[in-house]
>>> print(open('model.pdb').read())   # PDB, C-alpha atoms and all ligand atoms
ATOM      1  CA  MET A   1      30.926 -79.477  98.981
ATOM      2  CA  GLN A   2      33.156 -76.481  98.682
ATOM      3  CA  LEU A   3      35.418 -74.911 101.274
ATOM      4  CA  VAL A   4      36.658 -71.460 100.378
ATOM      5  CA  LEU A   5      39.391 -69.424 102.047
ATOM      6  CA  ASP A   6      38.919 -65.774 101.365
ATOM      7  CA  ARG A   7      41.869 -63.504 102.211
ATOM      8  CA  LEU A   8      42.403 -65.455 105.389
ATOM      9  CA  THR A   9      44.892 -63.613 107.597
ATOM     10  CA  LYS A  10      46.334 -64.333 111.016
ATOM     11  CA  GLN A  11      48.512 -62.070 113.064
ATOM     12  CA  TYR A  12      50.152 -63.000 116.368
ATOM     13  CA  GLY A  13      50.861 -59.624 117.906
ATOM     14  CA  THR A  14      52.757 -57.812 115.195
ATOM     15  CA  LYS A  15      53.823 -61.014 113.433
ATOM     16  CA  ILE A  16      51.817 -61.803 110.312
ATOM     17  CA  ALA A  17      51.757 -65.598 110.392
ATOM     18  CA  LEU A  18      49.374 -65.870 107.434
ATOM     19  CA  ASP A  19      48.813 -63.221 104.842
ATOM     20  CA  ARG A  20      45.602 -63.110 102.788
ATOM     21  CA  ILE A  21      45.322 -66.768 101.873
ATOM     22  CA  ASP A  22      42.892 -67.549  99.051
ATOM     23  CA  ALA A  23      42.051 -71.133  98.193
ATOM     24  CA  VAL A  24      39.189 -73.354  97.098
ATOM     25  CA  PHE A  25      38.871 -76.961  98.254
ATOM     26  CA  GLN A  26      36.549 -79.531  96.745
ATOM     27  CA  PRO A  27      36.619 -83.290  97.318
ATOM     28  CA  GLY A  28      40.185 -84.348  96.602
ATOM     29  CA  ILE A  29      43.612 -84.373  98.190
ATOM     30  CA  TYR A  30      45.455 -81.156  98.935
ATOM     31  CA  GLY A  31      49.094 -81.139  99.980
ATOM     32  CA  LEU A  32      50.173 -78.130 102.009
ATOM     33  CA  LEU A  33      53.941 -77.926 101.678
ATOM     34  CA  GLY A  34      56.231 -75.601 103.564
ATOM     35  CA  ALA A  35      59.274 -75.394 105.799
ATOM     36  CA  ASN A  36      58.970 -75.085 109.574
ATOM     37  CA  GLY A  37      57.474 -71.749 110.504
ATOM     38  CA  ALA A  38      55.811 -71.270 107.106
ATOM     39  CA  GLY A  39      52.368 -71.108 108.719
ATOM     40  CA  LYS A  40      50.970 -74.592 107.991
ATOM     41  CA  THR A  41      49.714 -75.311 111.506
ATOM     42  CA  THR A  42      48.210 -71.841 111.804
ATOM     43  CA  LEU A  43      46.355 -72.293 108.513
ATOM     44  CA  LEU A  44      45.013 -75.715 109.466
ATOM     45  CA  ARG A  45      43.870 -74.439 112.871
ATOM     46  CA  LEU A  46      42.035 -71.594 111.154
ATOM     47  CA  ILE A  47      40.379 -74.072 108.807
ATOM     48  CA  CYS A  48      39.317 -76.119 111.844
ATOM     49  CA  ASP A  49      37.892 -73.003 113.521
ATOM     50  CA  ILE A  50      40.176 -73.507 116.536
ATOM     51  CA  LEU A  51      41.832 -70.174 115.819
ATOM     52  CA  LYS A  52      39.938 -67.112 114.694
ATOM     53  CA  PRO A  53      41.324 -65.164 111.747
ATOM     54  CA  THR A  54      42.517 -61.585 112.204
ATOM     55  CA  SER A  55      40.733 -60.826 108.952
ATOM     56  CA  GLY A  56      39.242 -62.705 106.047
ATOM     57  CA  GLU A  57      37.127 -65.810 106.419
ATOM     58  CA  ALA A  58      36.610 -69.462 105.584
ATOM     59  CA  ARG A  59      33.265 -70.527 104.129
ATOM     60  CA  LEU A  60      31.725 -73.927 103.688
ATOM     61  CA  ASN A  61      29.185 -73.931 100.860
ATOM     62  CA  GLY A  62      28.955 -70.170 101.146
ATOM     63  CA  LYS A  63      28.557 -69.973 104.929
ATOM     64  CA  ASN A  64      31.118 -68.664 107.387
ATOM     65  CA  ILE A  65      32.525 -71.639 109.318
ATOM     66  CA  GLY A  66      32.417 -69.781 112.641
ATOM     67  CA  GLU A  67      28.700 -69.216 112.183
ATOM     68  CA  LEU A  68      28.118 -72.843 111.196
ATOM     69  CA  GLY A  69      29.685 -73.833 114.523
ATOM     70  CA  GLU A  70      28.683 -77.328 115.620
ATOM     71  CA  LYS A  71      27.392 -78.270 112.164
ATOM     72  CA  TYR A  72      30.788 -77.523 110.735
ATOM     73  CA  ARG A  73      32.649 -79.433 113.436
ATOM     74  CA  ALA A  74      30.473 -82.479 112.797
ATOM     75  CA  ALA A  75      31.827 -82.573 109.244
ATOM     76  CA  LEU A  76      35.427 -82.203 110.362
ATOM     77  CA  GLY A  77      38.196 -84.611 111.339
ATOM     78  CA  TYR A  78      41.460 -83.173 112.628
ATOM     79  CA  LEU A  79      44.841 -84.582 113.512
ATOM     80  CA  PRO A  80      46.746 -81.820 115.321
ATOM     81  CA  GLN A  81      50.510 -81.661 114.997
ATOM     82  CA  GLU A  82      50.973 -81.840 118.765
ATOM     83  CA  PHE A  83      48.592 -84.372 120.061
ATOM     84  CA  GLY A  84      48.011 -84.895 123.757
ATOM     85  CA  PHE A  85      47.387 -88.552 124.466
ATOM     86  CA  TYR A  86      46.133 -90.147 127.625
ATOM     87  CA  PRO A  87      48.985 -92.458 128.645
ATOM     88  CA  ASN A  88      46.894 -94.771 130.794
ATOM     89  CA  PHE A  89      44.088 -95.199 128.262
ATOM     90  CA  THR A  90      44.125 -98.205 125.987
ATOM     91  CA  ALA A  91      43.830 -97.538 122.259
ATOM     92  CA  THR A  92      40.181 -98.579 122.344
ATOM     93  CA  ASP A  93      39.383 -96.487 125.439
ATOM     94  CA  PHE A  94      40.952 -93.499 123.804
ATOM     95  CA  LEU A  95      38.913 -93.827 120.606
ATOM     96  CA  LEU A  96      35.698 -94.341 122.562
ATOM     97  CA  TYR A  97      36.498 -91.309 124.653
ATOM     98  CA  MET A  98      37.140 -89.198 121.554
ATOM     99  CA  ALA A  99      33.928 -90.534 120.015
ATOM    100  CA  SER A 100      31.960 -89.439 123.082
ATOM    101  CA  LEU A 101      33.498 -85.953 122.832
ATOM    102  CA  LYS A 102      32.310 -85.865 119.250
ATOM    103  CA  GLY A 103      28.845 -86.843 120.426
ATOM    104  CA  LEU A 104      28.757 -90.120 118.531
ATOM    105  CA  ASN A 105      26.343 -92.864 119.422
ATOM    106  CA  LYS A 106      27.944 -95.540 121.650
ATOM    107  CA  ARG A 107      27.128 -98.554 119.563
ATOM    108  CA  TYR A 108      28.282 -96.868 116.394
ATOM    109  CA  ALA A 109      31.451 -95.736 118.201
ATOM    110  CA  ARG A 110      32.348 -99.289 119.261
ATOM    111  CA  GLU A 111      32.040-100.641 115.751
ATOM    112  CA  LYS A 112      33.773 -97.698 114.192
ATOM    113  CA  ALA A 113      36.663 -97.784 116.684
ATOM    114  CA  ALA A 114      37.242-101.482 116.057
ATOM    115  CA  GLY A 115      37.202-100.971 112.299
ATOM    116  CA  LEU A 116      39.586 -98.030 112.461
ATOM    117  CA  LEU A 117      42.034 -99.874 114.712
ATOM    118  CA  GLU A 118      42.146-102.508 112.030
ATOM    119  CA  THR A 119      42.592 -99.897 109.299
ATOM    120  CA  VAL A 120      45.572 -98.283 111.030
ATOM    121  CA  GLY A 121      47.123-101.619 111.971
ATOM    122  CA  LEU A 122      46.567-101.434 115.731
ATOM    123  CA  LYS A 123      44.073-104.229 116.127
ATOM    124  CA  LYS A 124      46.444-106.429 118.080
ATOM    125  CA  GLU A 125      47.390-103.522 120.332
ATOM    126  CA  GLN A 126      43.853-102.298 120.925
ATOM    127  CA  GLY A 127      43.930-103.281 124.605
ATOM    128  CA  LYS A 128      47.397-101.919 125.316
ATOM    129  CA  LYS A 129      48.020 -98.661 127.113
ATOM    130  CA  ILE A 130      49.094 -95.735 125.010
ATOM    131  CA  LYS A 131      52.154 -95.146 127.195
ATOM    132  CA  THR A 132      53.625 -98.361 125.777
ATOM    133  CA  PHE A 133      53.189 -97.150 122.164
ATOM    134  CA  SER A 134      55.950 -96.020 119.808
ATOM    135  CA  GLY A 135      55.723 -92.624 118.095
ATOM    136  CA  GLY A 136      54.436 -94.245 114.905
ATOM    137  CA  MET A 137      51.731 -96.168 116.793
ATOM    138  CA  LYS A 138      50.564 -93.002 118.531
ATOM    139  CA  GLN A 139      50.457 -91.206 115.212
ATOM    140  CA  ARG A 140      48.342 -93.985 113.683
ATOM    141  CA  LEU A 141      45.985 -93.789 116.639
ATOM    142  CA  GLY A 142      45.783 -90.033 116.107
ATOM    143  CA  ILE A 143      44.827 -90.617 112.479
ATOM    144  CA  ALA A 144      42.165 -93.107 113.607
ATOM    145  CA  GLN A 145      40.548 -90.609 115.973
ATOM    146  CA  ALA A 146      40.367 -88.032 113.178
ATOM    147  CA  LEU A 147      38.323 -90.525 111.159
ATOM    148  CA  LEU A 148      35.788 -91.515 113.828
ATOM    149  CA  ASN A 149      32.980 -89.414 112.397
ATOM    150  CA  ASP A 150      33.736 -90.219 108.726
ATOM    151  CA  PRO A 151      34.556 -86.556 108.180
ATOM    152  CA  GLU A 152      33.680 -84.845 104.930
ATOM    153  CA  ILE A 153      36.713 -82.644 105.588
ATOM    154  CA  LEU A 154      39.821 -84.347 106.914
ATOM    155  CA  ILE A 155      42.629 -82.102 108.146
ATOM    156  CA  LEU A 156      45.964 -83.729 108.964
ATOM    157  CA  ASP A 157      48.877 -81.728 110.341
ATOM    158  CA  GLU A 158      52.133 -83.538 109.520
ATOM    159  CA  PRO A 159      50.428 -86.929 109.615
ATOM    160  CA  THR A 160      53.480 -88.908 108.565
ATOM    161  CA  ALA A 161      55.716 -87.668 111.398
ATOM    162  CA  GLY A 162      57.040 -90.745 113.159
ATOM    163  CA  LEU A 163      55.807 -93.220 110.539
ATOM    164  CA  ASP A 164      58.320 -95.638 109.067
ATOM    165  CA  PRO A 165      58.584 -96.062 105.266
ATOM    166  CA  LYS A 166      56.159 -99.000 105.153
ATOM    167  CA  GLU A 167      53.620 -97.143 107.277
ATOM    168  CA  ARG A 168      53.978 -94.115 105.009
ATOM    169  CA  VAL A 169      53.087 -96.182 101.970
ATOM    170  CA  LYS A 170      50.027 -97.613 103.723
ATOM    171  CA  PHE A 171      49.008 -94.161 104.843
ATOM    172  CA  ARG A 172      49.297 -92.788 101.300
ATOM    173  CA  ASN A 173      47.169 -95.593  99.924
ATOM    174  CA  PHE A 174      44.522 -94.986 102.538
ATOM    175  CA  ILE A 175      44.439 -91.251 101.868
ATOM    176  CA  ARG A 176      44.276 -91.805  98.135
ATOM    177  CA  ALA A 177      41.069 -93.786  98.584
ATOM    178  CA  TYR A 178      39.605 -91.486 101.233
ATOM    179  CA  GLY A 179      40.181 -88.388  99.120
ATOM    180  CA  GLU A 180      38.095 -89.724  96.266
ATOM    181  CA  ASN A 181      34.954 -88.168  97.677
ATOM    182  CA  LYS A 182      36.106 -86.179 100.710
ATOM    183  CA  ILE A 183      38.218 -83.093 101.163
ATOM    184  CA  VAL A 184      41.609 -84.094 102.553
ATOM    185  CA  ILE A 185      44.109 -81.381 103.439
ATOM    186  CA  LEU A 186      47.451 -82.526 104.781
ATOM    187  CA  SER A 187      50.485 -80.534 105.701
ATOM    188  CA  THR A 188      54.039 -81.738 105.451
ATOM    189  CA  HIS A 189      57.578 -80.613 104.803
ATOM    190  CA  ILE A 190      58.299 -83.947 103.156
ATOM    191  CA  VAL A 191      57.718 -83.760  99.426
ATOM    192  CA  THR A 192      57.257 -87.491  98.904
ATOM    193  CA  ASP A 193      54.258 -87.482 101.274
ATOM    194  CA  VAL A 194      52.178 -85.575  98.726
ATOM    195  CA  GLU A 195      53.996 -86.168  95.451
ATOM    196  CA  HIS A 196      51.781 -88.051  92.989
ATOM    197  CA  ILE A 197      48.811 -88.363  95.377
ATOM    198  CA  ALA A 198      47.763 -84.751  95.855
ATOM    199  CA  ASP A 199      45.269 -83.383  93.337
ATOM    200  CA  GLU A 200      46.584 -79.982  94.221
ATOM    201  CA  ILE A 201      49.718 -78.732  95.964
ATOM    202  CA  LEU A 202      49.828 -75.502  97.923
ATOM    203  CA  ILE A 203      53.238 -74.118  98.789
ATOM    204  CA  LEU A 204      53.287 -71.896 101.827
ATOM    205  CA  LYS A 205      56.295 -69.720 102.523
ATOM    206  CA  ASP A 206      56.585 -67.113 105.281
ATOM    207  CA  GLY A 207      52.819 -66.937 105.633
ATOM    208  CA  SER A 208      52.030 -66.522 101.944
ATOM    209  CA  LEU A 209      50.809 -69.010  99.385
ATOM    210  CA  VAL A 210      53.570 -68.765  96.823
ATOM    211  CA  LYS A 211      52.263 -71.476  94.528
ATOM    212  CA  LYS A 212      49.210 -73.627  94.062
ATOM    213  CA  GLY A 213      47.982 -75.983  91.402
ATOM    214  CA  THR A 214      48.408 -79.503  90.166
ATOM    215  CA  GLU A 215      51.859 -80.979  90.545
ATOM    216  CA  ASN A 216      52.524 -80.811  86.794
ATOM    217  CA  SER A 217      51.341 -77.250  86.489
ATOM    218  CA  ILE A 218      53.447 -75.952  89.355
ATOM    219  CA  ILE A 219      56.640 -77.778  88.472
ATOM    220  CA  SER A 220      56.436 -76.404  84.940
ATOM    221  CA  GLU A 221      57.637 -73.128  86.472
ATOM    222  CA  ILE A 222      61.168 -74.532  86.578
ATOM    223  CA  ALA A 223      61.015 -76.534  83.337
ATOM    224  CA  GLY A 224      64.294 -76.103  81.496
ATOM    225  CA  CYS A 225      66.048 -74.947  84.689
ATOM    226  CA  VAL A 226      66.995 -78.304  86.198
ATOM    227  CA  TRP A 227      70.342 -79.806  85.245
ATOM    228  CA  GLU A 228      72.532 -82.715  86.113
ATOM    229  CA  CYS A 229      76.273 -82.170  86.171
ATOM    230  CA  ARG A 230      78.806 -85.010  86.438
ATOM    231  CA  VAL A 231      81.772 -83.441  88.152
ATOM    232  CA  THR A 232      84.678 -83.997  90.532
ATOM    233  CA  LYS A 233      84.304 -83.455  94.273
ATOM    234  CA  GLN A 234      86.052 -80.115  94.016
ATOM    235  CA  GLU A 235      83.779 -78.960  91.199
ATOM    236  CA  ALA A 236      80.729 -80.181  93.142
ATOM    237  CA  ILE A 237      81.653 -77.877  96.020
ATOM    238  CA  HIS A 238      81.906 -75.005  93.573
ATOM    239  CA  LEU A 239      78.437 -75.796  92.177
ATOM    240  CA  GLU A 240      76.980 -76.053  95.690
ATOM    241  CA  ASN A 241      78.345 -72.628  96.533
ATOM    242  CA  THR A 242      77.057 -71.080  93.323
ATOM    243  CA  PHE A 243      73.637 -72.629  92.638
ATOM    244  CA  THR A 244      70.633 -74.170  94.325
ATOM    245  CA  VAL A 245      71.576 -77.820  94.527
ATOM    246  CA  CYS A 246      68.653 -80.251  94.815
ATOM    247  CA  ASN A 247      70.594 -83.405  95.182
ATOM    248  CA  SER A 248      74.023 -84.904  94.765
ATOM    249  CA  LYS A 249      74.959 -88.536  94.468
ATOM    250  CA  SER A 250      78.223 -90.378  94.031
ATOM    251  CA  GLU A 251      78.720 -92.280  90.811
ATOM    252  CA  ASP A 252      82.024 -94.102  90.380
ATOM    253  CA  GLU A 253      84.712 -91.509  91.091
ATOM    254  CA  LYS A 254      82.448 -88.603  90.165
ATOM    255  CA  ILE A 255      79.547 -86.779  91.713
ATOM    256  CA  VAL A 256      76.293 -86.124  89.910
ATOM    257  CA  VAL A 257      74.938 -82.795  91.102
ATOM    258  CA  ARG A 258      71.355 -81.757  90.394
ATOM    259  CA  VAL A 259      71.238 -78.001  90.002
ATOM    260  CA  ILE A 260      68.574 -75.358  89.425
ATOM    261  CA  SER A 261      69.743 -72.594  87.151
ATOM    262  CA  ASP A 262      68.239 -70.391  84.438
ATOM    263  CA  GLN A 263      71.340 -70.901  82.398
ATOM    264  CA  LYS A 264      73.470 -73.939  81.730
ATOM    265  CA  PRO A 265      75.492 -74.146  84.945
ATOM    266  CA  TRP A 266      78.347 -76.311  83.685
ATOM    267  CA  LYS A 267      79.801 -77.081  80.291
ATOM    268  CA  THR A 268      78.765 -80.737  80.405
ATOM    269  CA  ALA A 269      75.443 -80.168  82.208
ATOM    270  CA  THR A 270      72.458 -82.038  80.797
ATOM    271  CA  PRO A 271      68.889 -80.770  81.182
ATOM    272  CA  VAL A 272      66.501 -83.058  83.108
ATOM    273  CA  PRO A 273      62.736 -82.875  83.711
ATOM    274  CA  PRO A 274      61.854 -81.095  86.955
ATOM    275  CA  CYS A 275      60.160 -82.820  89.874
ATOM    276  CA  LEU A 276      58.314 -81.510  92.922
ATOM    277  CA  GLU A 277      61.393 -81.888  95.120
ATOM    278  CA  ASP A 278      63.273 -79.532  92.775
ATOM    279  CA  LEU A 279      60.518 -76.929  93.080
ATOM    280  CA  TYR A 280      60.539 -77.278  96.853
ATOM    281  CA  MET A 281      64.309 -76.710  96.893
ATOM    282  CA  HIS A 282      63.844 -73.748  94.601
ATOM    283  CA  TYR A 283      61.594 -72.139  97.244
ATOM    284  CA  PHE A 284      63.180 -73.356 100.441
ATOM    285  CA  HIS A 285      66.846 -73.642  99.561
ATOM    286  CA  GLY A 286      68.935 -72.719 102.551
ATOM    287  CA  GLU A 287      66.068 -73.041 105.047
ATOM    288  CA  GLY A 288      66.041 -75.747 107.652
ATOM    289  CA  GLN A 289      63.228 -78.285 107.362
TER     290      GLN A 289
HETATM  291  N1  LIG A 301      50.714 -68.784 119.359
HETATM  292  C1  LIG A 301      51.651 -68.144 118.662
HETATM  293  N2  LIG A 301      52.114 -66.934 119.068
HETATM  294  C2  LIG A 301      53.042 -66.270 118.374
HETATM  295  N3  LIG A 301      53.599 -66.712 117.225
HETATM  296  C3  LIG A 301      53.189 -67.898 116.768
HETATM  297  C4  LIG A 301      52.199 -68.690 117.458
HETATM  298  N4  LIG A 301      51.995 -69.833 116.743
HETATM  299  C5  LIG A 301      52.819 -69.758 115.684
HETATM  300  N5  LIG A 301      53.533 -68.614 115.690
HETATM  301  C6  LIG A 301      54.497 -68.181 114.647
HETATM  302  O1  LIG A 301      53.817 -68.162 113.419
HETATM  303  C7  LIG A 301      54.638 -68.680 112.377
HETATM  304  C8  LIG A 301      53.951 -69.877 111.729
HETATM  305  O2  LIG A 301      53.941 -70.958 112.646
HETATM  306  P1  LIG A 301      53.237 -72.340 112.319
HETATM  307  O3  LIG A 301      51.870 -72.077 111.832
HETATM  308  O4  LIG A 301      53.381 -73.216 113.510
HETATM  309  O5  LIG A 301      54.130 -72.868 111.098
HETATM  310  P2  LIG A 301      54.426 -74.370 110.583
HETATM  311  O6  LIG A 301      53.323 -75.248 111.066
HETATM  312  O7  LIG A 301      54.484 -74.244 109.093
HETATM  313  O8  LIG A 301      55.749 -74.765 111.145
HETATM  314  C9  LIG A 301      55.968 -69.019 113.015
HETATM  315  O9  LIG A 301      56.825 -67.924 112.832
HETATM  316  C10 LIG A 301      55.629 -69.182 114.477
HETATM  317  O10 LIG A 301      56.723 -68.868 115.285
HETATM  318 MG    MG A 302      53.313 -76.993 112.092
END
>>> encode(input="model.pdb", output="structure tokens")
Amino acid sequence: MQLVLDRLTKQYGTKIALDRIDAVFQPGIYGLLGANGAGKTTLLRLICDILKPTSGEARLNGKNIGELGEKYRAALGYLPQEFGFYPNFTATDFLLYMASLKGLNKRYAREKAAGLLETVGLKKEQGKKIKTFSGGMKQRLGIAQALLNDPEILILDEPTAGLDPKERVKFRNFIRAYGENKIVILSTHIVTDVEHIADEILILKDGSLVKKGTENSIISEIAGCVWECRVTKQEAIHLENTFTVCNSKSEDEKIVVRVISDQKPWKTATPVPPCLEDLYMHYFHGEGQ
């Protein structure tokens, strides 16, 4: 199974939201990282054939996804970023309803829905109305509906929004297993969601793919450019105004500032190995999340 994006471009009026995106997806986990407005949702909607590209195309095993139509959709599971729920449906009703929209057999749907409610930790709440659910519970139900048809291609738009730290860990473990033989593409602006679990990271900025590859290969770009400086508060402010600062933490009376710089930024700075968060800061420094 191979999904190829070939110069995929989307314009809204005169705004180029996505500019000639090239990518190849095979079974595995792909983390689409980018700040708000980078174009993540637009890209995922194009991949799901909900939006049509202005130019370029997406192909599954060599065939245009628009032409594959229903066959393509049958292989797809999608969690949209904004998900309209039915407040008066119970969790089970909702999954059965979604299963019927997907054309799944009723008996299969019942079993599958029950299993998925267990997987996402909503078994006890299966008979409760969605309007009583927390944000995290709704999000887990959204993930469950994306999995109803055991999709070969699972597309998740900011799936961890609203999940608490424990739920995030469970989610990551689930995705790690699911991505062993399926294509999983998930978008996020939270580095830790994809760090260590993504086989490949794609960094999207202002509609362009600025970086893609394995985590180690892409962070090597800033190898030798990440430093830790133990300084006073006053000096920390100076560093923050001068360099891209990835992180600062208090230690005793001092502050340890993590800085990206081609050259040694401070006389006592020590070089440290780069991580994905550093690379993200390198690209999105100064942008809101
Ligand atoms: N329907 C639309 N009409 C016009 N502009 C849009 C529309 N949807 C998104 N955009 C713009 O396209 C850019 C990318 O948006 P989006 O794909 O939602 O990014 P992300 O999901 O990374 O936050 C943003 O500048 C956004 O304002
Ligand atoms: Mg989005």
>>> residues_near_ligand(input="model.pdb", ligand="ligand MG 302 (chain A)", cutoff="10 Å", atoms="only C-alpha atoms and all ligand atoms", output="PyMOL selection string")
chain A and resi 34-45+80-82+157-158+187-189
>>> axis_aligned_box(input="model.pdb", around="ligand LIG 301 (chain A)", padding_each_side="3 Å", output="AutoDock Vina command-line options")
--center_x 53.8 --center_y -70.8 --center_z 114.2 --size_x 12.1 --size_y 15.0 --size_z 16.3
>>> closest_residue(input="model.pdb", among="A:Leu239, A:Val184, A:Cys229, A:Val194", to="Lys254 (chain A)", atoms="all atoms listed in the file")
A:Cys229
>>> residues_around(input="model.pdb", residues="Ile65 (chain A)", least_positions_apart="4", cutoff="12 Å", atoms="only C-alpha atoms", output="list in words")
Gln2, Leu3, Val4, Leu5, Asp6, Leu46, Ile47, Cys48, Asp49, Ile50, Leu51, Lys52, Pro53, Gly56, Glu57, Ala58, Arg59, Leu60, Asn61, Gly69, Glu70, Lys71, Tyr72, Arg73, Ala74, Ala75 and Leu76 of chain A
>>> resolve_selection(input="model.pdb", expression="the PyMOL selection byres (((chain A and resi 78) around 9) and not hetatm)", output="PyMOL selection string")
chain A and resi 44+48+76-77+79-80+142-143+145-147+151+153-157
>>> resolve_selection(input="model.pdb", expression="the PyMOL selection byres (((chain A and resi 17) around 8) and not hetatm)", output="list in words")
Thr9, Lys10, Gln11, Tyr12, Lys15, Ile16, Leu18, Asp19, Ala38, Gly39, Thr42, Asp206 and Gly207 of chain A
>>> build_atoms(input="model.pdb", residues="region 100-122 of chain A", atoms="N, CA and C atoms", output="PDB file, in the coordinates of the input")
ATOM      1  N   SER A 100      32.976 -90.042 122.209  1.00  0.00           N
ATOM      2  CA  SER A 100      31.960 -89.439 123.082  1.00  0.00           C
ATOM      3  C   SER A 100      32.086 -87.917 123.054  1.00  0.00           C
ATOM      4  N   LEU A 101      33.329 -87.413 122.957  1.00  0.00           N
ATOM      5  CA  LEU A 101      33.498 -85.953 122.832  1.00  0.00           C
ATOM      6  C   LEU A 101      32.852 -85.436 121.545  1.00  0.00           C
ATOM      7  N   LYS A 102      32.903 -86.267 120.531  1.00  0.00           N
ATOM      8  CA  LYS A 102      32.310 -85.865 119.250  1.00  0.00           C
ATOM      9  C   LYS A 102      30.806 -86.107 119.227  1.00  0.00           C
ATOM     10  N   GLY A 103      30.294 -86.633 120.330  1.00  0.00           N
ATOM     11  CA  GLY A 103      28.845 -86.843 120.426  1.00  0.00           C
ATOM     12  C   GLY A 103      28.339 -88.014 119.595  1.00  0.00           C
ATOM     13  N   LEU A 104      29.188 -88.988 119.358  1.00  0.00           N
ATOM     14  CA  LEU A 104      28.757 -90.120 118.531  1.00  0.00           C
ATOM     15  C   LEU A 104      28.035 -91.157 119.395  1.00  0.00           C
ATOM     16  N   ASN A 105      27.103 -91.796 118.795  1.00  0.00           N
ATOM     17  CA  ASN A 105      26.343 -92.864 119.422  1.00  0.00           C
ATOM     18  C   ASN A 105      27.274 -94.007 119.848  1.00  0.00           C
ATOM     19  N   LYS A 106      27.017 -94.568 121.048  1.00  0.00           N
ATOM     20  CA  LYS A 106      27.944 -95.540 121.650  1.00  0.00           C
ATOM     21  C   LYS A 106      28.146 -96.795 120.816  1.00  0.00           C
ATOM     22  N   ARG A 107      27.047 -97.316 120.323  1.00  0.00           N
ATOM     23  CA  ARG A 107      27.128 -98.554 119.563  1.00  0.00           C
ATOM     24  C   ARG A 107      27.907 -98.326 118.268  1.00  0.00           C
ATOM     25  N   TYR A 108      27.574 -97.232 117.616  1.00  0.00           N
ATOM     26  CA  TYR A 108      28.282 -96.868 116.394  1.00  0.00           C
ATOM     27  C   TYR A 108      29.773 -96.704 116.709  1.00  0.00           C
ATOM     28  N   ALA A 109      30.063 -96.022 117.823  1.00  0.00           N
ATOM     29  CA  ALA A 109      31.451 -95.736 118.201  1.00  0.00           C
ATOM     30  C   ALA A 109      32.243 -97.031 118.388  1.00  0.00           C
ATOM     31  N   ARG A 110      31.663 -98.011 119.034  1.00  0.00           N
ATOM     32  CA  ARG A 110      32.348 -99.289 119.261  1.00  0.00           C
ATOM     33  C   ARG A 110      32.744 -99.945 117.949  1.00  0.00           C
ATOM     34  N   GLU A 111      31.772 -99.999 117.041  1.00  0.00           N
ATOM     35  CA  GLU A 111      32.040-100.641 115.751  1.00  0.00           C
ATOM     36  C   GLU A 111      33.070 -99.862 114.961  1.00  0.00           C
ATOM     37  N   LYS A 112      32.887 -98.560 114.965  1.00  0.00           N
ATOM     38  CA  LYS A 112      33.773 -97.698 114.192  1.00  0.00           C
ATOM     39  C   LYS A 112      35.206 -97.773 114.737  1.00  0.00           C
ATOM     40  N   ALA A 113      35.336 -97.734 116.064  1.00  0.00           N
ATOM     41  CA  ALA A 113      36.663 -97.784 116.684  1.00  0.00           C
ATOM     42  C   ALA A 113      37.360 -99.091 116.317  1.00  0.00           C
ATOM     43  N   ALA A 114      36.635-100.183 116.384  1.00  0.00           N
ATOM     44  CA  ALA A 114      37.242-101.482 116.057  1.00  0.00           C
ATOM     45  C   ALA A 114      37.700-101.498 114.600  1.00  0.00           C
ATOM     46  N   GLY A 115      36.858-100.998 113.730  1.00  0.00           N
ATOM     47  CA  GLY A 115      37.202-100.971 112.299  1.00  0.00           C
ATOM     48  C   GLY A 115      38.429-100.094 112.034  1.00  0.00           C
ATOM     49  N   LEU A 116      38.464 -98.951 112.689  1.00  0.00           N
ATOM     50  CA  LEU A 116      39.586 -98.030 112.461  1.00  0.00           C
ATOM     51  C   LEU A 116      40.896 -98.584 113.023  1.00  0.00           C
ATOM     52  N   LEU A 117      40.811 -99.276 114.153  1.00  0.00           N
ATOM     53  CA  LEU A 117      42.034 -99.874 114.712  1.00  0.00           C
ATOM     54  C   LEU A 117      42.597-100.891 113.730  1.00  0.00           C
ATOM     55  N   GLU A 118      41.714-101.566 113.061  1.00  0.00           N
ATOM     56  CA  GLU A 118      42.146-102.508 112.030  1.00  0.00           C
ATOM     57  C   GLU A 118      42.777-101.740 110.862  1.00  0.00           C
ATOM     58  N   THR A 119      42.097-100.702 110.432  1.00  0.00           N
ATOM     59  CA  THR A 119      42.592 -99.897 109.299  1.00  0.00           C
ATOM     60  C   THR A 119      44.001 -99.364 109.549  1.00  0.00           C
ATOM     61  N   VAL A 120      44.257 -98.881 110.757  1.00  0.00           N
ATOM     62  CA  VAL A 120      45.572 -98.283 111.030  1.00  0.00           C
ATOM     63  C   VAL A 120      46.565 -99.300 111.599  1.00  0.00           C
ATOM     64  N   GLY A 121      46.184-100.571 111.569  1.00  0.00           N
ATOM     65  CA  GLY A 121      47.123-101.619 111.971  1.00  0.00           C
ATOM     66  C   GLY A 121      47.394-101.675 113.459  1.00  0.00           C
ATOM     67  N   LEU A 122      46.372-101.366 114.278  1.00  0.00           N
ATOM     68  CA  LEU A 122      46.567-101.434 115.731  1.00  0.00           C
ATOM     69  C   LEU A 122      45.594-102.424 116.383  1.00  0.00           C
TER      70      LEU A 122
END
